[in-house]
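Participant: Let me give you the structure first, and then I'll get to my questions.
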Amino acid sequence: MPELPEVQTVVNQIKPILIHKTVESITPVWPKVFHNFTSEKAQQKIKRGRIIDVSRRAKFIIIKFTENIIAIHLRMTGKLYLLRDHETLSKYTTAYFTLKNGGKLIFDDVRKFGRIYLYKNTGPIDERHGPEPLEKSFTSKILINLIKSKKRNIKALLLDQSMIAGLGNIYADESLWKSKIHPNSLSHKIPKKRIENLYKNIKIILTNAIEQNGTTIIDFSVNGKSGKYTNELKVYGKRDIKCFNCNNHIIKIRVAGRGTYICSKCQKKYK
DNA sequence: AGGCGTTCCTGGGGGC
DNA sequence: TGCCCCCAGGAACGCC
(Lines give C-alpha, C1' and ligand atoms only; values in the text may rest on other atoms or scores of the structure.)
Protein backbone atom coordinates (compact mmCIF):
# COMPACT_ATOMS: atom_id res chain seq x y z
CA MET A 1 0.00 0.00 0.00
CA PRO A 2 1.93 2.95 -1.27
CA GLU A 3 2.16 5.81 1.24
CA LEU A 4 4.24 8.98 1.14
CA PRO A 5 7.68 7.28 0.98
CA GLU A 6 6.62 4.81 -1.70
CA VAL A 7 5.03 7.53 -3.82
CA GLN A 8 8.14 9.68 -3.40
CA THR A 9 10.25 6.69 -4.45
CA VAL A 10 8.22 6.29 -7.63
CA VAL A 11 8.59 10.00 -8.36
CA ASN A 12 12.35 9.87 -7.75
CA GLN A 13 12.66 6.95 -10.14
CA ILE A 14 10.51 8.17 -13.01
CA LYS A 15 11.20 11.89 -12.91
CA PRO A 16 14.62 11.82 -14.61
CA ILE A 17 13.21 9.60 -17.34
CA LEU A 18 10.00 11.52 -17.95
CA ILE A 19 11.07 15.12 -17.65
CA HIS A 20 10.98 17.04 -20.94
CA LYS A 21 9.44 14.04 -22.72
CA THR A 22 6.37 14.53 -24.88
CA VAL A 23 3.24 12.49 -24.22
CA GLU A 24 1.56 11.47 -27.50
CA SER A 25 -1.56 10.05 -25.84
CA ILE A 26 -3.03 8.53 -22.71
CA THR A 27 -4.94 5.31 -23.19
CA PRO A 28 -7.37 3.89 -20.63
CA VAL A 29 -7.24 0.10 -20.80
CA TRP A 30 -9.87 -0.13 -18.06
CA PRO A 31 -12.38 2.71 -18.61
CA LYS A 32 -13.01 3.74 -14.99
CA VAL A 33 -9.35 4.53 -14.39
CA PHE A 34 -9.94 8.13 -15.56
CA HIS A 35 -11.70 9.64 -12.59
CA ASN A 36 -12.80 13.08 -13.73
CA PHE A 37 -12.23 13.22 -17.47
CA THR A 38 -12.75 11.30 -20.69
CA SER A 39 -10.40 9.97 -23.35
CA GLU A 40 -11.52 12.80 -25.65
CA LYS A 41 -10.71 15.38 -23.02
CA ALA A 42 -7.32 13.77 -22.45
CA GLN A 43 -6.58 13.88 -26.18
CA GLN A 44 -7.60 17.50 -26.28
CA LYS A 45 -5.71 18.65 -23.20
CA ILE A 46 -2.63 16.47 -23.15
CA LYS A 47 -1.95 15.56 -26.75
CA ARG A 48 1.67 16.30 -27.56
CA GLY A 49 2.07 17.83 -24.15
CA ARG A 50 5.57 18.19 -22.82
CA ILE A 51 6.22 17.07 -19.26
CA ILE A 52 7.76 19.97 -17.39
CA ASP A 53 7.89 18.40 -13.93
CA VAL A 54 7.14 15.25 -11.95
CA SER A 55 6.48 15.64 -8.25
CA ARG A 56 4.47 14.41 -5.30
CA ARG A 57 1.64 15.97 -3.31
CA ALA A 58 0.22 13.82 -0.53
CA LYS A 59 0.00 10.32 -2.07
CA PHE A 60 -0.47 11.67 -5.59
CA ILE A 61 2.11 11.55 -8.35
CA ILE A 62 1.86 14.86 -10.18
CA ILE A 63 2.84 15.01 -13.84
CA LYS A 64 2.95 18.64 -14.83
CA PHE A 65 2.28 19.90 -18.34
CA THR A 66 2.22 23.52 -19.40
CA GLU A 67 -1.51 24.06 -18.96
CA ASN A 68 -2.64 21.03 -16.95
CA ILE A 69 -1.55 18.39 -14.52
CA ILE A 70 -2.19 14.68 -14.43
CA ALA A 71 -2.44 13.31 -10.89
CA ILE A 72 -2.11 9.61 -10.27
CA HIS A 73 -3.17 7.88 -7.07
CA LEU A 74 -1.82 4.33 -6.68
CA ARG A 75 -4.19 3.41 -3.84
CA MET A 76 -3.44 -0.16 -2.78
CA THR A 77 -1.83 -1.97 -5.65
CA GLY A 78 -1.06 0.64 -8.29
CA LYS A 79 2.35 0.62 -9.98
CA LEU A 80 3.87 3.11 -12.37
CA TYR A 81 6.84 2.19 -14.51
CA LEU A 82 8.46 2.57 -17.89
CA LEU A 83 8.05 -0.06 -20.58
CA ARG A 84 10.08 -0.31 -23.78
CA ASP A 85 8.23 -0.72 -27.06
CA HIS A 86 9.12 -4.38 -27.57
CA GLU A 87 7.92 -5.37 -24.07
CA THR A 88 4.37 -6.65 -23.59
CA LEU A 89 1.64 -5.09 -21.46
CA SER A 90 0.87 -6.78 -18.16
CA LYS A 91 -2.62 -8.21 -17.70
CA TYR A 92 -3.10 -5.71 -14.86
CA THR A 93 -2.44 -2.58 -16.90
CA THR A 94 -5.33 -0.14 -16.45
CA ALA A 95 -3.83 2.75 -18.46
CA TYR A 96 -0.69 3.80 -20.31
CA PHE A 97 0.94 6.94 -21.63
CA THR A 98 2.54 6.69 -25.06
CA LEU A 99 5.74 8.69 -25.18
CA LYS A 100 7.06 10.41 -28.26
CA ASN A 101 10.34 8.83 -29.41
CA GLY A 102 9.34 5.47 -27.93
CA GLY A 103 8.41 3.82 -24.68
CA LYS A 104 5.34 3.85 -22.51
CA LEU A 105 4.58 4.89 -18.96
CA ILE A 106 2.51 2.03 -17.57
CA PHE A 107 -0.10 2.15 -14.84
CA ASP A 108 -0.71 -1.35 -13.50
CA ASP A 109 -3.30 -1.96 -10.82
CA VAL A 110 -4.41 -5.42 -9.74
CA ARG A 111 -7.30 -4.24 -7.57
CA LYS A 112 -8.31 -1.31 -9.75
CA PHE A 113 -8.64 1.19 -6.91
CA GLY A 114 -6.06 3.53 -8.40
CA ARG A 115 -7.26 6.53 -10.38
CA ILE A 116 -5.94 9.18 -12.77
CA TYR A 117 -7.12 12.78 -12.44
CA LEU A 118 -6.87 15.74 -14.79
CA TYR A 119 -6.68 19.21 -13.23
CA LYS A 120 -5.49 22.71 -14.10
CA ASN A 121 -3.18 22.65 -11.09
CA THR A 122 -2.87 21.01 -7.66
CA GLY A 123 -5.57 23.31 -6.23
CA PRO A 124 -8.29 20.65 -5.94
CA ILE A 125 -5.83 18.29 -4.21
CA ASP A 126 -4.49 20.96 -1.86
CA GLU A 127 -8.07 21.80 -0.84
CA ARG A 128 -8.73 18.40 0.62
CA HIS A 129 -5.30 17.67 2.06
CA GLY A 130 -3.43 18.74 5.15
CA PRO A 131 0.21 19.84 5.31
CA GLU A 132 3.15 17.85 3.99
CA PRO A 133 4.88 16.35 7.02
CA LEU A 134 8.35 16.71 5.50
CA GLU A 135 8.01 20.37 4.55
CA LYS A 136 9.98 22.86 6.64
CA SER A 137 6.79 24.83 7.20
CA PHE A 138 5.24 21.86 9.01
CA THR A 139 6.24 22.65 12.58
CA SER A 140 5.63 20.77 15.82
CA LYS A 141 3.31 23.62 16.76
CA ILE A 142 1.10 22.84 13.78
CA LEU A 143 0.89 19.16 14.74
CA ILE A 144 0.17 19.97 18.38
CA ASN A 145 -2.59 22.34 17.35
CA LEU A 146 -4.02 19.80 14.92
CA ILE A 147 -4.10 17.02 17.48
CA LYS A 148 -5.21 19.13 20.45
CA SER A 149 -8.04 20.81 18.55
CA LYS A 150 -9.73 17.47 17.80
CA LYS A 151 -11.30 14.93 20.08
CA ARG A 152 -10.57 11.97 17.97
CA ASN A 153 -8.98 8.59 17.89
CA ILE A 154 -5.33 9.39 17.16
CA LYS A 155 -4.82 6.72 14.52
CA ALA A 156 -7.94 7.79 12.64
CA LEU A 157 -6.64 11.36 12.79
CA LEU A 158 -3.21 10.40 11.42
CA LEU A 159 -4.80 8.47 8.58
CA ASP A 160 -7.11 11.36 7.70
CA GLN A 161 -5.46 12.99 4.69
CA SER A 162 -7.21 16.30 5.34
CA MET A 163 -5.32 16.47 8.66
CA ILE A 164 -1.80 15.43 7.58
CA ALA A 165 -0.95 14.26 4.08
CA GLY A 166 0.84 11.05 3.25
CA LEU A 167 0.60 8.74 6.25
CA GLY A 168 -1.04 5.37 5.70
CA ASN A 169 -1.52 2.26 7.78
CA ILE A 170 2.15 1.22 7.95
CA TYR A 171 3.73 4.55 8.85
CA ALA A 172 0.92 5.49 11.24
CA ASP A 173 1.57 2.29 13.21
CA GLU A 174 5.34 2.76 13.11
CA SER A 175 5.10 6.40 14.21
CA LEU A 176 2.74 5.66 17.09
CA TRP A 177 4.85 2.76 18.30
CA LYS A 178 8.07 4.79 18.26
CA SER A 179 6.27 7.58 20.11
CA LYS A 180 4.81 5.14 22.70
CA ILE A 181 1.26 6.26 21.98
CA HIS A 182 -1.54 3.72 21.84
CA PRO A 183 -3.52 4.12 18.58
CA ASN A 184 -6.79 4.19 20.52
CA SER A 185 -5.72 7.29 22.43
CA LEU A 186 -7.94 10.33 22.22
CA SER A 187 -6.08 13.11 20.44
CA HIS A 188 -6.82 15.92 22.91
CA LYS A 189 -5.67 13.79 25.86
CA ILE A 190 -2.17 13.22 24.53
CA PRO A 191 0.41 15.35 26.38
CA LYS A 192 2.19 18.06 24.43
CA LYS A 193 5.56 16.40 25.05
CA ARG A 194 4.29 13.16 23.50
CA ILE A 195 3.08 15.03 20.43
CA GLU A 196 6.46 16.75 20.07
CA ASN A 197 8.00 13.30 20.16
CA LEU A 198 5.48 12.03 17.60
CA TYR A 199 6.32 15.01 15.40
CA LYS A 200 10.02 14.12 15.40
CA ASN A 201 9.34 10.43 14.82
CA ILE A 202 7.03 11.00 11.86
CA LYS A 203 9.79 13.04 10.21
CA ILE A 204 12.51 10.50 11.05
CA ILE A 205 10.48 7.50 9.91
CA LEU A 206 9.31 9.05 6.63
CA THR A 207 12.78 10.39 5.82
CA ASN A 208 14.44 7.03 6.52
CA ALA A 209 11.80 5.20 4.51
CA ILE A 210 12.42 7.45 1.49
CA GLU A 211 16.17 6.83 1.81
CA GLN A 212 15.45 3.09 1.75
CA ASN A 213 13.16 3.42 -1.28
CA GLY A 214 10.06 2.65 0.77
CA THR A 215 8.57 -0.52 2.16
CA THR A 216 7.77 -3.57 0.10
CA ILE A 217 4.58 -5.10 1.48
CA ILE A 218 2.60 -7.33 -0.82
CA ASP A 219 3.98 -6.11 -4.12
CA PHE A 220 5.06 -2.52 -4.17
CA SER A 221 8.25 -2.21 -6.17
CA VAL A 222 9.92 0.21 -8.51
CA ASN A 223 11.34 -1.38 -11.63
CA GLY A 224 11.43 -4.69 -9.80
CA LYS A 225 13.59 -3.36 -6.97
CA SER A 226 12.22 -3.80 -3.46
CA GLY A 227 12.01 -1.05 -0.90
CA LYS A 228 14.46 -1.80 1.87
CA TYR A 229 12.49 -0.12 4.63
CA THR A 230 10.75 -3.49 5.05
CA ASN A 231 13.83 -4.44 7.12
CA GLU A 232 13.39 -1.39 9.35
CA LEU A 233 9.78 -2.00 10.36
CA LYS A 234 9.39 -2.33 14.11
CA VAL A 235 5.69 -3.20 14.57
CA TYR A 236 3.81 -3.33 11.29
CA GLY A 237 3.16 -6.97 10.38
CA LYS A 238 5.09 -8.17 13.47
CA ARG A 239 2.32 -10.06 15.22
CA ASP A 240 3.67 -12.43 17.92
CA ILE A 241 7.18 -11.07 17.51
CA LYS A 242 8.92 -9.56 20.54
CA CYS A 243 8.71 -5.81 20.84
CA PHE A 244 12.05 -4.08 20.12
CA ASN A 245 11.68 -2.10 23.35
CA CYS A 246 10.55 -4.75 25.80
CA ASN A 247 9.87 -8.46 25.96
CA ASN A 248 6.18 -8.12 25.30
CA HIS A 249 4.75 -9.64 22.13
CA ILE A 250 3.33 -7.45 19.39
CA ILE A 251 -0.39 -7.95 18.92
CA LYS A 252 -2.74 -7.15 16.08
CA ILE A 253 -5.92 -5.26 16.88
CA ARG A 254 -8.49 -3.26 14.92
CA VAL A 255 -8.43 0.49 15.12
CA ALA A 256 -10.45 2.85 12.92
CA GLY A 257 -11.41 -0.16 10.83
CA ARG A 258 -7.78 -1.05 10.08
CA GLY A 259 -5.52 -3.89 11.05
CA THR A 260 -3.22 -2.29 13.64
CA TYR A 261 -0.03 -3.57 15.25
CA ILE A 262 0.94 -2.48 18.74
CA CYS A 263 2.97 -3.24 21.81
CA SER A 264 0.35 -2.97 24.52
CA LYS A 265 3.07 -2.55 27.16
CA CYS A 266 5.05 0.27 25.52
CA GLN A 267 2.21 2.22 23.99
CA LYS A 268 0.21 4.23 26.48
CA LYS A 269 -3.48 4.79 25.99
CA TYR A 270 -4.43 8.40 26.76
CA LYS A 271 -8.16 8.46 27.46
C1' DA B 1 -17.94 16.58 15.19
C1' DG B 2 -16.70 12.20 14.57
C1' DG B 3 -17.50 7.31 14.22
C1' DC B 4 -19.12 3.80 11.46
C1' DG B 5 -20.77 1.23 7.50
C1' DT B 6 -20.62 0.82 2.53
C1' DT B 7 -18.60 0.98 -1.95
C1' DC B 8 -15.04 0.05 -5.19
C1' DC B 9 -11.88 -4.61 -6.69
C1' DT B 10 -9.31 -9.05 -7.01
C1' DG B 11 -5.73 -12.24 -5.33
C1' DG B 12 -4.90 -15.16 -1.99
C1' DG B 13 -5.43 -17.48 2.52
C1' DG B 14 -8.19 -20.46 5.48
C1' DG B 15 -11.35 -24.07 6.05
C1' DC B 16 -12.93 -28.38 4.70
C1' DT C 1 -6.06 -30.80 -5.03
C1' DG C 2 -9.83 -27.88 -5.38
C1' DC C 3 -13.54 -25.06 -4.26
C1' DC C 4 -15.91 -21.60 -1.79
C1' DC C 5 -15.94 -17.79 1.24
C1' DC C 6 -14.20 -13.90 2.97
C1' DC C 7 -10.73 -10.64 3.96
C1' DA C 8 -7.31 -6.75 2.94
C1' DG C 9 -7.50 -1.71 2.49
C1' DG C 10 -7.43 4.33 0.81
C1' DA C 11 -10.72 7.47 0.20
C1' DA C 12 -15.30 9.26 -0.61
C1' DC C 13 -19.88 9.39 0.87
C1' DG C 14 -24.10 8.93 3.50
C1' DC C 15 -26.11 8.25 7.91
C1' DC C 16 -26.63 8.74 12.87
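Residues are named by chain letter and number: chains run A, B, ... in the order of the C-alpha coordinates, numbers start at 1 in each chain, and ligands are numbered from 1 in the order shown.
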Taking only C-alpha atoms (C1' of nucleotides) into account and nothing else, which residues of chain A lie no more than 8 Å away from chain C? Please answer as a list in words.
Facilitator: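 On the chain A side, the interface is Arg75, Met76 and Arg258 of chain A.
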Participant: Restrict the calculation to only C-alpha atoms (C1' of nucleotides), then for each residue of chain A with any atom at most 8 Å from an atom of chain B give the closest atom pair and their distance in Å to one decimal, rows by chain and rising residue number, as a tab-separated table.
Facilitator:
```
residue	atom	partner	partner_atom	distance
A:Val110	CA	B:DT10	C1'	6.7
A:Arg111	CA	B:DC9	C1'	4.7
A:Lys112	CA	B:DC9	C1'	5.7
A:Phe113	CA	B:DC9	C1'	6.6
A:Arg152	CA	B:DG2	C1'	7.0
```
Participant: Pick the closest to Ile181 in chain A from A:Gln13, A:Pro31, A:Ile154, A:Gly49: which is it, counting only C-alpha atoms?
Facilitator: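 Of A:Gln13, A:Pro31, A:Ile154, A:Gly49, the one nearest Ile181 in chain A, counting only C-alpha atoms, is A:Ile154.
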Participant: Which residues are close to Ser55 in chain A, i.e. within 10 Å by only C-alpha atoms (C1' of nucleotides), leaving aside same-chain residues fewer than 3 positions away? Reply as a list in words.
Facilitator: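 Close residues of Ser55 in chain A: Val7, Gln8, Val10, Val11, Asn12, Ile14, Lys15, Phe60, Ile61, Ile62, Ile63, Lys64 and Ala71 of chain A.
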Participant: From a backbone DSSP assignment, name each residue in range 147-246 of chain A labelled alpha helix (DSSP H), as number ranges by chain.
Facilitator: A: 147-148, 154-159, 169-178, 192-211
Participant: Could you save those same residues with N, CA, C and O atoms as a short mmCIF file (atom, residue, chain, number, x, y, z; two decimals), in the first residue's frame?
Facilitator:
```cif
data_model
loop_
_atom_site.label_atom_id
_atom_site.label_comp_id
_atom_site.auth_asym_id
_atom_site.auth_seq_id
_atom_site.Cartn_x
_atom_site.Cartn_y
_atom_site.Cartn_z
N ILE A 147 -3.73 18.14 16.63
CA ILE A 147 -4.10 17.02 17.48
C ILE A 147 -4.92 17.48 18.69
O ILE A 147 -5.90 16.85 19.07
N LYS A 148 -4.52 18.62 19.26
CA LYS A 148 -5.21 19.13 20.45
C LYS A 148 -6.59 19.71 20.12
O LYS A 148 -7.48 19.74 20.98
N ILE A 154 -6.57 8.87 17.76
CA ILE A 154 -5.33 9.39 17.16
C ILE A 154 -4.94 8.68 15.86
O ILE A 154 -4.46 9.32 14.92
N LYS A 155 -5.18 7.39 15.78
CA LYS A 155 -4.82 6.72 14.52
C LYS A 155 -5.71 7.18 13.39
O LYS A 155 -5.23 7.44 12.28
N ALA A 156 -7.01 7.30 13.66
CA ALA A 156 -7.94 7.79 12.64
C ALA A 156 -7.52 9.18 12.18
O ALA A 156 -7.56 9.50 10.99
N LEU A 157 -7.08 10.00 13.13
CA LEU A 157 -6.64 11.36 12.79
C LEU A 157 -5.40 11.33 11.89
O LEU A 157 -5.33 12.04 10.88
N LEU A 158 -4.44 10.48 12.23
CA LEU A 158 -3.21 10.40 11.42
C LEU A 158 -3.47 9.87 10.01
O LEU A 158 -2.77 10.23 9.07
N LEU A 159 -4.48 9.03 9.90
CA LEU A 159 -4.80 8.47 8.58
C LEU A 159 -5.65 9.42 7.74
O LEU A 159 -5.78 9.24 6.53
N ASN A 169 -1.45 3.23 6.70
CA ASN A 169 -1.52 2.26 7.78
C ASN A 169 -0.14 1.87 8.35
O ASN A 169 0.02 1.78 9.55
N ILE A 170 0.83 1.66 7.48
CA ILE A 170 2.15 1.22 7.95
C ILE A 170 2.84 2.31 8.76
O ILE A 170 3.25 2.09 9.90
N TYR A 171 2.96 3.50 8.19
CA TYR A 171 3.73 4.55 8.85
C TYR A 171 2.99 5.15 10.04
O TYR A 171 3.63 5.68 10.96
N ALA A 172 1.67 5.06 10.05
CA ALA A 172 0.92 5.49 11.24
C ALA A 172 1.26 4.56 12.40
O ALA A 172 1.57 5.02 13.50
N ASP A 173 1.24 3.26 12.16
CA ASP A 173 1.57 2.29 13.21
C ASP A 173 3.01 2.45 13.69
O ASP A 173 3.28 2.43 14.89
N GLU A 174 3.93 2.61 12.75
CA GLU A 174 5.34 2.76 13.11
C GLU A 174 5.57 4.03 13.94
O GLU A 174 6.29 4.01 14.93
N SER A 175 4.93 5.12 13.52
CA SER A 175 5.10 6.40 14.21
C SER A 175 4.53 6.35 15.63
O SER A 175 5.16 6.84 16.57
N LEU A 176 3.36 5.74 15.77
CA LEU A 176 2.74 5.66 17.09
C LEU A 176 3.53 4.74 18.02
O LEU A 176 3.69 5.03 19.20
N TRP A 177 4.05 3.67 17.47
CA TRP A 177 4.85 2.76 18.30
C TRP A 177 6.11 3.46 18.81
O TRP A 177 6.40 3.44 20.00
N LYS A 178 6.83 4.10 17.91
CA LYS A 178 8.07 4.79 18.26
C LYS A 178 7.81 5.91 19.28
O LYS A 178 8.66 6.22 20.10
N LYS A 192 1.44 17.28 25.41
CA LYS A 192 2.19 18.06 24.43
C LYS A 192 3.55 17.44 24.13
O LYS A 192 3.97 17.34 22.98
N LYS A 193 4.23 17.02 25.20
CA LYS A 193 5.56 16.40 25.05
C LYS A 193 5.52 15.15 24.15
O LYS A 193 6.42 14.92 23.36
N ARG A 194 4.47 14.37 24.33
CA ARG A 194 4.29 13.16 23.50
C ARG A 194 4.10 13.55 22.04
O ARG A 194 4.59 12.90 21.13
N ILE A 195 3.35 14.59 21.81
CA ILE A 195 3.08 15.03 20.43
C ILE A 195 4.36 15.57 19.79
O ILE A 195 4.63 15.32 18.61
N GLU A 196 5.17 16.26 20.59
CA GLU A 196 6.46 16.75 20.07
C GLU A 196 7.33 15.56 19.65
O GLU A 196 8.01 15.62 18.64
N ASN A 197 7.27 14.53 20.46
CA ASN A 197 8.00 13.30 20.16
C ASN A 197 7.45 12.64 18.89
O ASN A 197 8.20 12.21 18.01
N LEU A 198 6.13 12.60 18.79
CA LEU A 198 5.48 12.03 17.60
C LEU A 198 5.87 12.82 16.35
O LEU A 198 6.17 12.24 15.30
N TYR A 199 5.92 14.12 16.50
CA TYR A 199 6.32 15.01 15.40
C TYR A 199 7.70 14.63 14.86
O TYR A 199 7.89 14.43 13.66
N LYS A 200 8.65 14.49 15.79
CA LYS A 200 10.02 14.12 15.40
C LYS A 200 10.04 12.74 14.73
O LYS A 200 10.72 12.54 13.73
N ASN A 201 9.31 11.80 15.33
CA ASN A 201 9.34 10.43 14.82
C ASN A 201 8.71 10.29 13.44
O ASN A 201 9.19 9.51 12.62
N ILE A 202 7.65 11.03 13.20
CA ILE A 202 7.03 11.00 11.86
C ILE A 202 8.07 11.44 10.83
O ILE A 202 8.27 10.79 9.80
N LYS A 203 8.76 12.53 11.14
CA LYS A 203 9.79 13.04 10.21
C LYS A 203 10.92 12.03 10.00
O LYS A 203 11.35 11.79 8.88
N ILE A 204 11.40 11.47 11.12
CA ILE A 204 12.51 10.50 11.05
C ILE A 204 12.10 9.27 10.23
O ILE A 204 12.81 8.85 9.31
N ILE A 205 10.93 8.74 10.56
CA ILE A 205 10.48 7.50 9.91
C ILE A 205 10.25 7.72 8.41
O ILE A 205 10.71 6.93 7.59
N LEU A 206 9.58 8.79 8.06
CA LEU A 206 9.31 9.05 6.63
C LEU A 206 10.61 9.31 5.86
O LEU A 206 10.79 8.82 4.74
N THR A 207 11.51 10.08 6.48
CA THR A 207 12.78 10.39 5.82
C THR A 207 13.61 9.12 5.60
O THR A 207 14.13 8.89 4.51
N ASN A 208 13.70 8.30 6.66
CA ASN A 208 14.44 7.03 6.52
C ASN A 208 13.81 6.14 5.46
O ASN A 208 14.52 5.51 4.67
N ALA A 209 12.49 6.08 5.47
CA ALA A 209 11.80 5.20 4.51
C ALA A 209 12.07 5.64 3.07
O ALA A 209 12.27 4.81 2.19
N ILE A 210 12.11 6.95 2.84
CA ILE A 210 12.42 7.45 1.49
C ILE A 210 13.85 7.05 1.11
O ILE A 210 14.10 6.59 0.00
N GLU A 211 14.77 7.21 2.07
CA GLU A 211 16.17 6.83 1.81
C GLU A 211 16.30 5.35 1.45
O GLU A 211 17.16 4.98 0.67
#
```
